[in-house]
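Everything on this sheet refers to the single structure shown next.
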Amino acid sequence: MRILLAALAGAVAMFIWTSIAHVFTPLGSTGFSQIPNEAAVISAMHSSIGEKSGLYFFPWVNPSDPKAMEKTEALMKTNPSGLLLYKGPSGNLDMTPMMVEEFVKQFVQALIAAFLLSLTVLAAYLSRAGFVALIGVSAAIATNVSYWIWYGFPGDFTCAAILIEVVSGIVAGLAIAAVLRPRTV
């Protein structure tokens with residue numbers, strides 16, 4: 001029960017921090033830019049892709065093609081490249097399900113961190129908080145750095161995303177360590 005309570009405290013701390021980071025600081029929009037001539041680009045995307053939401057990589061070469069690497073290299077010399085996350089028109093602006101899903105994700109993260117912390121013999125509050133914070137650092141770099149390396153995500157976007165996650169680990173660590181005290185023998 002104490003692990004669940006600690007995880008809940010950590011998730012609430014994370015949720016509050018990430019809400020602040022995205023709503024009241026520029027961190028949530030760092031690295032994003034408006035597409036030049038947006039109306040024409042959106043029109044072209046909609047007429048080409050339509051309602052088929054997805055993650056598109058371009059220029060596309062079938063990965064099962066034995067000459068995929070050679071073809072990709074040739075295309076990259078003369079064409080732009082990138083990833084496009086595309087959502088077809090839906091008219092749905094309800095953020096409630098996404099906020100609930102985000103909280104559930106953060107609860108699962110905090111639950112894992114609280115469980116791992118419960119397995120340690122760390123006694124000092126800052127040691128326990130630091131342990132959880134380091135889990136947050138690992139989570140922060142796990143995908144963000146790979147996306148920067150392999151897909152060319154902007155450096156400022158990557159740094160902002162990492163900062164948000166590192167601070168999430170710190171606030172979760174402070175909350176979890178406060179609730180999940182070391183067992184006395």
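Labeling convention for the structure tokens: chains A, B, ... as they appear, residues from 1 per chain, ligands from 1 in order of appearance.
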From the DSSP assignment of the backbone, select every residue of region 9-123 of chain A that is helix (DSSP H, G or I), and format the answer as a PyMOL selection string. chain A and resi 9-24+26-29+38-49+68-78+96-118
What's around Ala160 (chain A) at 9 Å? Count only C-alpha atoms, leave out sequence neighbours fewer than 2 positions away in its own chain, and write the answer as an MDAnalysis selection string. chainID A and resid 26:31 155:158 162:165
Output for the residues just chosen: all heavy atoms as a short mmCIF file (atom, residue, chain, number, x, y, z; two decimals), in the first residue's frame:
```cif
data_model
loop_
_atom_site.label_atom_id
_atom_site.label_comp_id
_atom_site.auth_asym_id
_atom_site.auth_seq_id
_atom_site.Cartn_x
_atom_site.Cartn_y
_atom_site.Cartn_z
N PRO A 26 7.87 28.37 -21.89
CA PRO A 26 8.03 28.08 -23.32
C PRO A 26 8.56 26.67 -23.60
O PRO A 26 8.70 26.29 -24.77
CB PRO A 26 9.04 29.14 -23.78
CG PRO A 26 9.79 29.52 -22.57
CD PRO A 26 8.84 29.35 -21.41
N LEU A 27 8.84 25.88 -22.57
CA LEU A 27 9.43 24.56 -22.78
C LEU A 27 8.59 23.66 -23.67
O LEU A 27 9.11 22.90 -24.48
CB LEU A 27 9.68 23.87 -21.43
CG LEU A 27 10.79 24.46 -20.57
CD1 LEU A 27 10.77 23.83 -19.18
CD2 LEU A 27 12.14 24.29 -21.24
N GLY A 28 7.27 23.72 -23.50
CA GLY A 28 6.38 22.83 -24.25
C GLY A 28 6.32 23.12 -25.74
O GLY A 28 5.90 22.26 -26.52
N SER A 29 6.74 24.29 -26.16
CA SER A 29 6.69 24.62 -27.58
C SER A 29 8.07 24.87 -28.18
O SER A 29 8.18 25.21 -29.35
CB SER A 29 5.80 25.85 -27.81
OG SER A 29 6.30 26.95 -27.08
N THR A 30 9.10 24.67 -27.39
CA THR A 30 10.47 24.88 -27.88
C THR A 30 10.77 23.90 -29.01
O THR A 30 10.50 22.71 -28.91
CB THR A 30 11.49 24.68 -26.73
OG1 THR A 30 11.22 25.66 -25.73
CG2 THR A 30 12.91 24.82 -27.21
N GLY A 31 11.33 24.43 -30.08
CA GLY A 31 11.71 23.61 -31.22
C GLY A 31 10.65 23.48 -32.30
O GLY A 31 10.91 22.94 -33.36
N GLY A 155 17.76 20.24 -31.77
CA GLY A 155 18.47 20.20 -30.51
C GLY A 155 17.74 20.94 -29.40
O GLY A 155 17.71 20.48 -28.25
N ASP A 156 17.11 22.09 -29.74
CA ASP A 156 16.41 22.84 -28.69
C ASP A 156 15.17 22.09 -28.22
O ASP A 156 14.87 22.07 -27.03
CB ASP A 156 16.07 24.27 -29.13
CG ASP A 156 15.28 24.36 -30.42
OD1 ASP A 156 15.09 23.34 -31.12
OD2 ASP A 156 14.84 25.49 -30.75
N PHE A 157 14.48 21.41 -29.13
CA PHE A 157 13.34 20.58 -28.75
C PHE A 157 13.81 19.45 -27.83
O PHE A 157 13.22 19.18 -26.79
CB PHE A 157 12.66 20.00 -29.99
CG PHE A 157 11.63 18.95 -29.68
CD1 PHE A 157 10.32 19.31 -29.40
CD2 PHE A 157 11.96 17.60 -29.63
CE1 PHE A 157 9.37 18.34 -29.09
CE2 PHE A 157 11.02 16.63 -29.32
CZ PHE A 157 9.72 17.01 -29.05
N THR A 158 14.90 18.79 -28.23
CA THR A 158 15.43 17.67 -27.46
C THR A 158 15.85 18.11 -26.06
O THR A 158 15.51 17.45 -25.07
CB THR A 158 16.62 17.05 -28.21
OG1 THR A 158 16.17 16.61 -29.51
CG2 THR A 158 17.22 15.87 -27.47
N ILE A 162 14.12 16.88 -22.59
CA ILE A 162 14.93 16.25 -21.55
C ILE A 162 14.79 17.01 -20.24
O ILE A 162 14.62 16.40 -19.18
CB ILE A 162 16.41 16.16 -21.99
CG1 ILE A 162 16.56 15.11 -23.10
CG2 ILE A 162 17.33 15.83 -20.81
CD1 ILE A 162 17.92 15.07 -23.76
N LEU A 163 14.83 18.34 -20.30
CA LEU A 163 14.69 19.14 -19.08
C LEU A 163 13.36 18.88 -18.40
O LEU A 163 13.30 18.70 -17.18
CB LEU A 163 14.84 20.63 -19.40
CG LEU A 163 14.67 21.58 -18.21
CD1 LEU A 163 15.73 21.31 -17.14
CD2 LEU A 163 14.71 23.02 -18.67
N ILE A 164 12.29 18.84 -19.18
CA ILE A 164 10.96 18.57 -18.60
C ILE A 164 10.96 17.22 -17.89
O ILE A 164 10.47 17.09 -16.76
CB ILE A 164 9.86 18.62 -19.68
CG1 ILE A 164 9.65 20.06 -20.16
CG2 ILE A 164 8.54 18.03 -19.16
CD1 ILE A 164 8.78 20.19 -21.40
N GLU A 165 11.53 16.20 -18.52
CA GLU A 165 11.54 14.87 -17.92
C GLU A 165 12.48 14.76 -16.72
O GLU A 165 12.17 14.06 -15.76
CB GLU A 165 11.90 13.81 -18.98
CG GLU A 165 10.84 13.65 -20.05
CD GLU A 165 9.47 13.28 -19.48
OE1 GLU A 165 9.39 12.46 -18.56
OE2 GLU A 165 8.48 13.85 -19.97
#
```
Could you pull out the residues in region 3-179 of chain A that DSSP calls strand (DSSP E) from the backbone, as a PyMOL selection string? chain A and resi 54-58+82-86
Take the residues just selected and output them with N, CA, C and O atoms as a JSON list (two decimals), in the first residue's frame.
```json
[["chain", "number", "residue", "atom", "x", "y", "z"],
["A", 54, "GLY", "N", -1.16, 9.04, -39.28],
["A", 54, "GLY", "CA", -0.03, 8.15, -39.10],
["A", 54, "GLY", "C", 1.27, 8.91, -39.00],
["A", 54, "GLY", "O", 1.32, 10.13, -39.05],
["A", 55, "LEU", "N", 2.35, 8.15, -38.88],
["A", 55, "LEU", "CA", 3.69, 8.70, -38.84],
["A", 55, "LEU", "C", 4.34, 8.33, -40.17],
["A", 55, "LEU", "O", 4.50, 7.14, -40.48],
["A", 56, "TYR", "N", 4.68, 9.34, -40.92],
["A", 56, "TYR", "CA", 5.21, 9.13, -42.27],
["A", 56, "TYR", "C", 6.68, 9.53, -42.32],
["A", 56, "TYR", "O", 7.06, 10.59, -41.83],
["A", 57, "PHE", "N", 7.49, 8.68, -42.92],
["A", 57, "PHE", "CA", 8.91, 8.93, -43.11],
["A", 57, "PHE", "C", 9.11, 9.21, -44.59],
["A", 57, "PHE", "O", 8.58, 8.49, -45.44],
["A", 58, "PHE", "N", 9.87, 10.24, -44.90],
["A", 58, "PHE", "CA", 10.12, 10.53, -46.31],
["A", 58, "PHE", "C", 11.57, 10.97, -46.50],
["A", 58, "PHE", "O", 12.15, 11.53, -45.57],
["A", 82, "GLY", "N", 12.51, 13.60, -43.72],
["A", 82, "GLY", "CA", 11.97, 13.88, -42.40],
["A", 82, "GLY", "C", 10.89, 12.91, -41.98],
["A", 82, "GLY", "O", 10.62, 11.91, -42.65],
["A", 83, "LEU", "N", 10.29, 13.24, -40.86],
["A", 83, "LEU", "CA", 9.16, 12.52, -40.30],
["A", 83, "LEU", "C", 7.98, 13.47, -40.29],
["A", 83, "LEU", "O", 8.13, 14.64, -39.97],
["A", 84, "LEU", "N", 6.82, 12.95, -40.58],
["A", 84, "LEU", "CA", 5.61, 13.76, -40.51],
["A", 84, "LEU", "C", 4.59, 13.01, -39.67],
["A", 84, "LEU", "O", 4.19, 11.90, -40.02],
["A", 85, "LEU", "N", 4.23, 13.61, -38.56],
["A", 85, "LEU", "CA", 3.13, 13.07, -37.75],
["A", 85, "LEU", "C", 1.88, 13.76, -38.25],
["A", 85, "LEU", "O", 1.76, 14.98, -38.16],
["A", 86, "TYR", "N", 0.99, 12.99, -38.83],
["A", 86, "TYR", "CA", -0.19, 13.56, -39.48],
["A", 86, "TYR", "C", -1.45, 13.02, -38.84],
["A", 86, "TYR", "O", -1.57, 11.82, -38.63]]
```
Within 8 Å of Pro59 (chain A) using only C-alpha atoms, minus same-chain residues under 3 positions, as a list of chain:residue names: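 Near neighbours after the sequence-gap exclusion: A:Thr72, A:Leu75, A:Met76, A:Asn79, A:Pro80, A:Ser81, A:Gly82.
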What gap, in Å, lies between CA of Gly173 (chain A) and CA of Ala133 (chain A)? 5.4 Å
Can you tell me which residues surround region 106-121 of chain A at a distance of at most 12 Å, considering only C-alpha atoms, apart from same-chain residues fewer than 4 positions away, and format the answer as a compact mmCIF listing (two decimals) with all heavy atoms, in the first residue's frame?
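Result file result12.txt:
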```txt
# COMPACT_ATOMS: atom_id res chain seq x y z
N MET A 1 0.82 -1.20 0.00
CA MET A 1 0.00 0.00 0.00
C MET A 1 0.86 1.26 0.00
O MET A 1 0.55 2.23 -0.64
CB MET A 1 -0.93 -0.03 1.21
CG MET A 1 -1.84 1.19 1.27
SD MET A 1 -2.82 1.42 -0.21
CE MET A 1 -4.39 0.95 0.37
N ARG A 2 1.99 1.21 0.75
CA ARG A 2 2.83 2.40 0.81
C ARG A 2 3.50 2.69 -0.53
O ARG A 2 3.73 3.85 -0.87
CB ARG A 2 3.85 2.29 1.94
CG ARG A 2 4.70 1.09 1.94
CD ARG A 2 5.52 0.88 3.21
NE ARG A 2 6.73 0.16 2.85
CZ ARG A 2 7.92 0.68 2.74
NH1 ARG A 2 8.11 1.93 3.04
NH2 ARG A 2 8.94 -0.04 2.37
N ILE A 3 3.75 1.65 -1.34
CA ILE A 3 4.31 1.86 -2.68
C ILE A 3 3.28 2.54 -3.56
O ILE A 3 3.61 3.48 -4.32
CB ILE A 3 4.80 0.52 -3.29
CG1 ILE A 3 6.00 0.00 -2.51
CG2 ILE A 3 5.14 0.69 -4.77
CD1 ILE A 3 6.46 -1.39 -2.90
N LEU A 4 2.03 2.11 -3.47
CA LEU A 4 0.97 2.75 -4.26
C LEU A 4 0.77 4.20 -3.87
O LEU A 4 0.60 5.07 -4.74
CB LEU A 4 -0.34 1.97 -4.11
CG LEU A 4 -0.42 0.64 -4.84
CD1 LEU A 4 -1.72 -0.09 -4.48
CD2 LEU A 4 -0.30 0.82 -6.34
N LEU A 5 0.79 4.48 -2.58
CA LEU A 5 0.63 5.86 -2.12
C LEU A 5 1.81 6.72 -2.57
O LEU A 5 1.62 7.87 -2.99
CB LEU A 5 0.47 5.92 -0.61
CG LEU A 5 -0.84 5.37 -0.05
CD1 LEU A 5 -0.81 5.36 1.48
CD2 LEU A 5 -2.02 6.18 -0.56
N ALA A 6 3.00 6.18 -2.50
CA ALA A 6 4.18 6.91 -2.96
C ALA A 6 4.09 7.16 -4.47
O ALA A 6 4.41 8.27 -4.94
CB ALA A 6 5.45 6.14 -2.61
N ALA A 7 3.66 6.16 -5.21
CA ALA A 7 3.51 6.32 -6.66
C ALA A 7 2.46 7.38 -6.99
O ALA A 7 2.65 8.19 -7.89
CB ALA A 7 3.13 4.98 -7.30
N LEU A 8 1.37 7.38 -6.25
CA LEU A 8 0.34 8.40 -6.47
C LEU A 8 0.91 9.80 -6.19
O LEU A 8 0.69 10.73 -6.98
CB LEU A 8 -0.87 8.13 -5.59
CG LEU A 8 -2.05 9.09 -5.75
CD1 LEU A 8 -2.58 9.07 -7.18
CD2 LEU A 8 -3.15 8.73 -4.76
N ALA A 9 1.65 9.95 -5.10
CA ALA A 9 2.27 11.24 -4.79
C ALA A 9 3.25 11.65 -5.89
O ALA A 9 3.26 12.82 -6.33
CB ALA A 9 2.98 11.17 -3.44
N GLY A 10 4.05 10.71 -6.37
CA GLY A 10 4.99 11.00 -7.44
C GLY A 10 4.30 11.38 -8.73
O GLY A 10 4.71 12.32 -9.42
N ALA A 11 3.23 10.67 -9.07
CA ALA A 11 2.49 10.96 -10.30
C ALA A 11 1.83 12.34 -10.23
O ALA A 11 1.84 13.09 -11.21
CB ALA A 11 1.44 9.88 -10.55
N VAL A 12 1.28 12.68 -9.08
CA VAL A 12 0.66 14.00 -8.92
C VAL A 12 1.72 15.09 -9.07
O VAL A 12 1.51 16.09 -9.77
CB VAL A 12 -0.08 14.11 -7.56
CG1 VAL A 12 -0.46 15.55 -7.25
CG2 VAL A 12 -1.32 13.22 -7.57
N ALA A 13 2.88 14.89 -8.46
CA ALA A 13 3.97 15.87 -8.58
C ALA A 13 4.41 16.02 -10.04
O ALA A 13 4.60 17.13 -10.53
CB ALA A 13 5.15 15.46 -7.70
N MET A 14 4.55 14.89 -10.73
CA MET A 14 4.94 14.92 -12.14
C MET A 14 3.89 15.63 -12.98
O MET A 14 4.22 16.44 -13.85
CB MET A 14 5.14 13.49 -12.67
CG MET A 14 6.33 12.78 -12.11
SD MET A 14 6.36 11.03 -12.55
CE MET A 14 6.92 11.11 -14.24
N PHE A 15 2.63 15.31 -12.73
CA PHE A 15 1.54 15.88 -13.53
C PHE A 15 1.48 17.40 -13.33
O PHE A 15 1.31 18.15 -14.30
CB PHE A 15 0.21 15.23 -13.15
CG PHE A 15 -0.90 15.55 -14.10
CD1 PHE A 15 -1.02 14.87 -15.29
CD2 PHE A 15 -1.83 16.54 -13.80
CE1 PHE A 15 -2.05 15.16 -16.17
CE2 PHE A 15 -2.86 16.84 -14.67
CZ PHE A 15 -2.97 16.15 -15.86
N ILE A 16 1.64 17.83 -12.10
CA ILE A 16 1.62 19.28 -11.83
C ILE A 16 2.80 19.95 -12.53
O ILE A 16 2.63 20.97 -13.22
CB ILE A 16 1.64 19.55 -10.30
CG1 ILE A 16 0.30 19.14 -9.68
CG2 ILE A 16 1.94 21.03 -10.02
CD1 ILE A 16 0.29 19.12 -8.16
N TRP A 17 3.99 19.38 -12.38
CA TRP A 17 5.16 19.97 -13.03
C TRP A 17 5.01 20.02 -14.55
O TRP A 17 5.27 21.05 -15.17
CB TRP A 17 6.46 19.24 -12.66
CG TRP A 17 7.52 19.48 -13.72
CD1 TRP A 17 8.06 18.55 -14.55
CD2 TRP A 17 8.11 20.73 -14.09
NE1 TRP A 17 8.95 19.14 -15.41
CE2 TRP A 17 9.00 20.49 -15.15
CE3 TRP A 17 7.97 22.04 -13.63
CZ2 TRP A 17 9.74 21.50 -15.76
CZ3 TRP A 17 8.73 23.05 -14.24
CH2 TRP A 17 9.60 22.77 -15.28
N THR A 18 4.62 18.91 -15.18
CA THR A 18 4.53 18.91 -16.65
C THR A 18 3.43 19.84 -17.13
O THR A 18 3.56 20.45 -18.19
CB THR A 18 4.36 17.49 -17.22
OG1 THR A 18 3.22 16.86 -16.63
CG2 THR A 18 5.59 16.64 -16.98
N MET A 99 -5.25 13.92 -21.19
CA MET A 99 -4.75 14.27 -19.86
C MET A 99 -4.83 13.05 -18.93
O MET A 99 -3.91 12.81 -18.15
CB MET A 99 -5.55 15.44 -19.28
CG MET A 99 -5.47 16.72 -20.10
SD MET A 99 -3.84 17.44 -20.11
CE MET A 99 -3.90 18.34 -18.57
N VAL A 100 -5.92 12.30 -19.03
CA VAL A 100 -6.07 11.09 -18.22
C VAL A 100 -4.98 10.07 -18.60
O VAL A 100 -4.33 9.49 -17.73
CB VAL A 100 -7.48 10.48 -18.37
CG1 VAL A 100 -7.56 9.10 -17.75
CG2 VAL A 100 -8.52 11.42 -17.76
N GLU A 101 -4.77 9.87 -19.89
CA GLU A 101 -3.74 8.93 -20.34
C GLU A 101 -2.35 9.37 -19.89
O GLU A 101 -1.53 8.54 -19.49
CB GLU A 101 -3.78 8.80 -21.87
CG GLU A 101 -5.02 8.08 -22.36
CD GLU A 101 -5.22 8.19 -23.86
OE1 GLU A 101 -4.45 8.91 -24.54
OE2 GLU A 101 -6.18 7.57 -24.36
N GLU A 102 -2.09 10.69 -19.93
CA GLU A 102 -0.79 11.19 -19.47
C GLU A 102 -0.61 10.92 -17.98
O GLU A 102 0.47 10.49 -17.54
CB GLU A 102 -0.68 12.69 -19.75
CG GLU A 102 0.64 13.31 -19.36
CD GLU A 102 1.83 12.86 -20.19
OE1 GLU A 102 1.64 12.31 -21.29
OE2 GLU A 102 2.96 13.07 -19.73
N TYR A 125 16.83 10.89 3.06
CA TYR A 125 15.78 11.41 2.18
C TYR A 125 16.34 11.82 0.83
O TYR A 125 15.82 11.43 -0.22
CB TYR A 125 15.07 12.58 2.86
CG TYR A 125 14.10 13.31 1.95
CD1 TYR A 125 12.89 12.73 1.60
CD2 TYR A 125 14.42 14.55 1.44
CE1 TYR A 125 12.00 13.39 0.76
CE2 TYR A 125 13.54 15.21 0.59
CZ TYR A 125 12.33 14.63 0.26
OH TYR A 125 11.46 15.29 -0.58
N SER A 127 19.05 10.91 -0.64
CA SER A 127 19.54 9.74 -1.38
C SER A 127 18.39 9.03 -2.07
O SER A 127 18.51 8.63 -3.23
CB SER A 127 20.25 8.76 -0.44
OG SER A 127 21.40 9.34 0.11
N ARG A 128 17.28 8.88 -1.36
CA ARG A 128 16.10 8.22 -1.95
C ARG A 128 15.53 9.08 -3.09
O ARG A 128 15.19 8.56 -4.15
CB ARG A 128 15.05 7.94 -0.88
CG ARG A 128 15.52 6.93 0.16
CD ARG A 128 14.45 6.43 1.11
NE ARG A 128 13.45 7.39 1.54
CZ ARG A 128 13.59 8.27 2.53
NH1 ARG A 128 14.73 8.30 3.20
NH2 ARG A 128 12.61 9.08 2.87
N ALA A 129 15.43 10.38 -2.85
CA ALA A 129 14.92 11.29 -3.89
C ALA A 129 15.86 11.28 -5.10
O ALA A 129 15.40 11.25 -6.25
CB ALA A 129 14.77 12.70 -3.34
N GLY A 130 17.16 11.28 -4.85
CA GLY A 130 18.14 11.23 -5.93
C GLY A 130 18.08 9.95 -6.73
O GLY A 130 18.26 9.96 -7.95
N PHE A 131 17.81 8.85 -6.06
CA PHE A 131 17.66 7.56 -6.74
C PHE A 131 16.54 7.64 -7.78
O PHE A 131 16.70 7.25 -8.93
CB PHE A 131 17.38 6.47 -5.70
CG PHE A 131 17.18 5.10 -6.28
CD1 PHE A 131 18.26 4.28 -6.53
CD2 PHE A 131 15.90 4.62 -6.55
CE1 PHE A 131 18.08 3.00 -7.05
CE2 PHE A 131 15.71 3.36 -7.08
CZ PHE A 131 16.80 2.54 -7.33
N VAL A 132 15.39 8.17 -7.36
CA VAL A 132 14.26 8.30 -8.27
C VAL A 132 14.58 9.32 -9.37
O VAL A 132 14.24 9.12 -10.53
CB VAL A 132 12.97 8.69 -7.51
CG1 VAL A 132 11.82 8.96 -8.47
CG2 VAL A 132 12.59 7.58 -6.53
N ALA A 133 15.24 10.40 -9.01
CA ALA A 133 15.61 11.41 -10.01
C ALA A 133 16.49 10.81 -11.09
O ALA A 133 16.33 11.13 -12.28
CB ALA A 133 16.30 12.59 -9.34
N LEU A 134 17.40 9.92 -10.71
CA LEU A 134 18.25 9.27 -11.71
C LEU A 134 17.46 8.35 -12.63
O LEU A 134 17.79 8.23 -13.82
CB LEU A 134 19.39 8.50 -11.03
CG LEU A 134 20.48 9.38 -10.43
CD1 LEU A 134 21.48 8.53 -9.65
CD2 LEU A 134 21.18 10.19 -11.52
N ILE A 135 16.42 7.75 -12.13
CA ILE A 135 15.52 6.98 -13.00
C ILE A 135 14.89 7.94 -14.01
O ILE A 135 14.76 7.62 -15.20
CB ILE A 135 14.44 6.25 -12.17
CG1 ILE A 135 15.09 5.17 -11.30
CG2 ILE A 135 13.37 5.64 -13.08
CD1 ILE A 135 14.15 4.56 -10.27
N GLY A 136 14.53 9.14 -13.55
CA GLY A 136 13.98 10.16 -14.45
C GLY A 136 14.97 10.60 -15.50
O GLY A 136 14.60 10.83 -16.66
N VAL A 137 16.23 10.73 -15.13
CA VAL A 137 17.26 11.10 -16.10
C VAL A 137 17.37 10.02 -17.18
O VAL A 137 17.43 10.32 -18.38
CB VAL A 137 18.63 11.32 -15.41
CG1 VAL A 137 19.75 11.47 -16.43
CG2 VAL A 137 18.57 12.55 -14.50
N SER A 138 17.37 8.77 -16.75
CA SER A 138 17.43 7.66 -17.71
C SER A 138 16.24 7.70 -18.66
O SER A 138 16.40 7.54 -19.88
CB SER A 138 17.48 6.33 -16.96
OG SER A 138 17.52 5.26 -17.86
N ALA A 139 15.06 7.93 -18.11
CA ALA A 139 13.86 8.01 -18.96
C ALA A 139 13.95 9.20 -19.91
O ALA A 139 13.53 9.11 -21.07
CB ALA A 139 12.61 8.12 -18.09
N ALA A 140 14.51 10.30 -19.45
CA ALA A 140 14.59 11.52 -20.26
C ALA A 140 15.47 11.34 -21.48
O ALA A 140 15.17 11.85 -22.55
CB ALA A 140 15.10 12.68 -19.40
N GLU A 165 11.53 16.20 -18.52
CA GLU A 165 11.54 14.87 -17.92
C GLU A 165 12.48 14.76 -16.72
O GLU A 165 12.17 14.06 -15.76
CB GLU A 165 11.90 13.81 -18.98
CG GLU A 165 10.84 13.65 -20.05
CD GLU A 165 9.47 13.28 -19.48
OE1 GLU A 165 9.39 12.46 -18.56
OE2 GLU A 165 8.48 13.85 -19.97
N SER A 168 10.73 16.28 -13.94
CA SER A 168 9.69 15.34 -13.53
C SER A 168 10.26 14.28 -12.59
O SER A 168 9.64 13.92 -11.59
CB SER A 168 9.07 14.64 -14.74
OG SER A 168 8.28 15.52 -15.49
N GLY A 169 11.44 13.77 -12.93
CA GLY A 169 12.09 12.78 -12.07
C GLY A 169 12.46 13.35 -10.72
O GLY A 169 12.33 12.69 -9.69
N ILE A 170 12.89 14.60 -10.71
CA ILE A 170 13.26 15.24 -9.45
C ILE A 170 12.04 15.43 -8.56
O ILE A 170 12.05 15.06 -7.38
CB ILE A 170 13.98 16.58 -9.70
CG1 ILE A 170 15.35 16.33 -10.34
CG2 ILE A 170 14.11 17.39 -8.40
CD1 ILE A 170 16.03 17.58 -10.88
N VAL A 171 10.96 16.00 -9.12
CA VAL A 171 9.77 16.25 -8.28
C VAL A 171 9.13 14.93 -7.85
O VAL A 171 8.64 14.81 -6.73
CB VAL A 171 8.75 17.21 -8.93
CG1 VAL A 171 9.38 18.57 -9.19
CG2 VAL A 171 8.14 16.64 -10.20
N ALA A 172 9.14 13.94 -8.74
CA ALA A 172 8.62 12.62 -8.35
C ALA A 172 9.48 12.03 -7.25
O ALA A 172 8.95 11.47 -6.28
CB ALA A 172 8.58 11.69 -9.56
N GLY A 173 10.80 12.18 -7.38
CA GLY A 173 11.70 11.66 -6.35
C GLY A 173 11.47 12.30 -5.00
O GLY A 173 11.44 11.62 -3.97
N LEU A 174 11.28 13.62 -5.00
CA LEU A 174 11.02 14.31 -3.73
C LEU A 174 9.73 13.81 -3.09
O LEU A 174 9.66 13.58 -1.89
CB LEU A 174 10.96 15.82 -3.96
CG LEU A 174 12.28 16.48 -4.39
CD1 LEU A 174 12.06 17.93 -4.81
CD2 LEU A 174 13.32 16.38 -3.28
N ALA A 175 8.68 13.65 -3.93
CA ALA A 175 7.38 13.19 -3.40
C ALA A 175 7.44 11.73 -2.96
O ALA A 175 6.97 11.37 -1.87
CB ALA A 175 6.30 13.39 -4.45
N ILE A 176 8.01 10.88 -3.80
CA ILE A 176 8.07 9.45 -3.48
C ILE A 176 8.92 9.21 -2.23
O ILE A 176 8.53 8.45 -1.34
CB ILE A 176 8.60 8.65 -4.69
CG1 ILE A 176 7.55 8.66 -5.82
CG2 ILE A 176 8.96 7.22 -4.30
CD1 ILE A 176 8.06 8.14 -7.15
N ALA A 177 10.07 9.89 -2.16
CA ALA A 177 10.94 9.71 -0.99
C ALA A 177 10.29 10.19 0.29
O ALA A 177 10.55 9.64 1.37
CB ALA A 177 12.27 10.43 -1.22
N ALA A 178 9.42 11.20 0.19
CA ALA A 178 8.73 11.71 1.38
C ALA A 178 7.70 10.71 1.88
O ALA A 178 7.50 10.57 3.09
CB ALA A 178 8.06 13.05 1.08
N VAL A 179 7.06 10.02 0.96
CA VAL A 179 5.98 9.08 1.34
C VAL A 179 6.55 7.69 1.64
O VAL A 179 6.14 7.04 2.59
CB VAL A 179 4.90 9.01 0.23
CG1 VAL A 179 3.87 7.93 0.55
CG2 VAL A 179 4.23 10.36 0.04
N LEU A 180 7.48 7.24 0.84
CA LEU A 180 8.03 5.89 0.97
C LEU A 180 9.31 5.95 1.80
O LEU A 180 10.41 6.03 1.28
CB LEU A 180 8.31 5.30 -0.42
CG LEU A 180 8.70 3.83 -0.49
CD1 LEU A 180 7.58 2.96 0.05
CD2 LEU A 180 9.04 3.45 -1.89
N ARG A 181 9.12 5.92 3.08
CA ARG A 181 10.26 5.99 3.99
C ARG A 181 10.89 4.62 4.12
O ARG A 181 10.23 3.60 3.93
CB ARG A 181 9.80 6.52 5.33
CG ARG A 181 9.18 7.88 5.11
CD ARG A 181 9.07 8.68 6.30
NE ARG A 181 8.62 10.00 5.83
CZ ARG A 181 8.15 10.91 6.59
NH1 ARG A 181 8.09 10.70 7.87
NH2 ARG A 181 7.78 12.05 6.09
N PRO A 182 12.17 4.59 4.48
CA PRO A 182 12.81 3.28 4.61
C PRO A 182 12.15 2.46 5.72
O PRO A 182 11.69 3.01 6.72
CB PRO A 182 14.26 3.61 4.96
CG PRO A 182 14.35 5.07 5.13
CD PRO A 182 13.04 5.69 4.78
N ARG A 183 12.12 1.18 5.49
CA ARG A 183 11.56 0.27 6.51
C ARG A 183 12.51 0.21 7.68
O ARG A 183 13.72 0.18 7.53
CB ARG A 183 11.37 -1.13 5.94
CG ARG A 183 10.29 -1.20 4.92
CD ARG A 183 10.17 -2.65 4.44
NE ARG A 183 9.25 -2.70 3.33
CZ ARG A 183 8.12 -3.38 3.36
NH1 ARG A 183 7.78 -4.07 4.43
NH2 ARG A 183 7.34 -3.40 2.33
N THR A 184 11.93 0.14 8.84
CA THR A 184 12.75 -0.08 10.04
C THR A 184 12.72 -1.56 10.37
O THR A 184 11.70 -2.23 10.25
CB THR A 184 12.20 0.73 11.23
OG1 THR A 184 10.84 0.40 11.43
CG2 THR A 184 12.37 2.21 10.98
N VAL A 185 13.88 -2.07 10.74
CA VAL A 185 13.98 -3.51 10.99
C VAL A 185 13.70 -3.83 12.42
O VAL A 185 13.79 -3.16 13.35
CB VAL A 185 15.39 -4.02 10.60
CG1 VAL A 185 15.45 -5.51 10.79
CG2 VAL A 185 15.70 -3.64 9.19
```
CA of Ala21 (chain A) to CA of Val166 (chain A), distance in Å rounded to a single decimal: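 Interatomic distance here is 11.8 Å.
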So how many Å separate CA of Val23 (chain A) and CA of Phe103 (chain A), to one decimal?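 One can read the CA of Val23 (chain A) to CA of Phe103 (chain A) distance as 15.8 Å.
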Using only C-alpha atoms: which of A:Gly88, A:Tyr151, A:Ala123, A:Met98 has the shortest distance to His46 (chain A):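 Checking each candidate against His46 (chain A), we get A:Gly88 as the closest.
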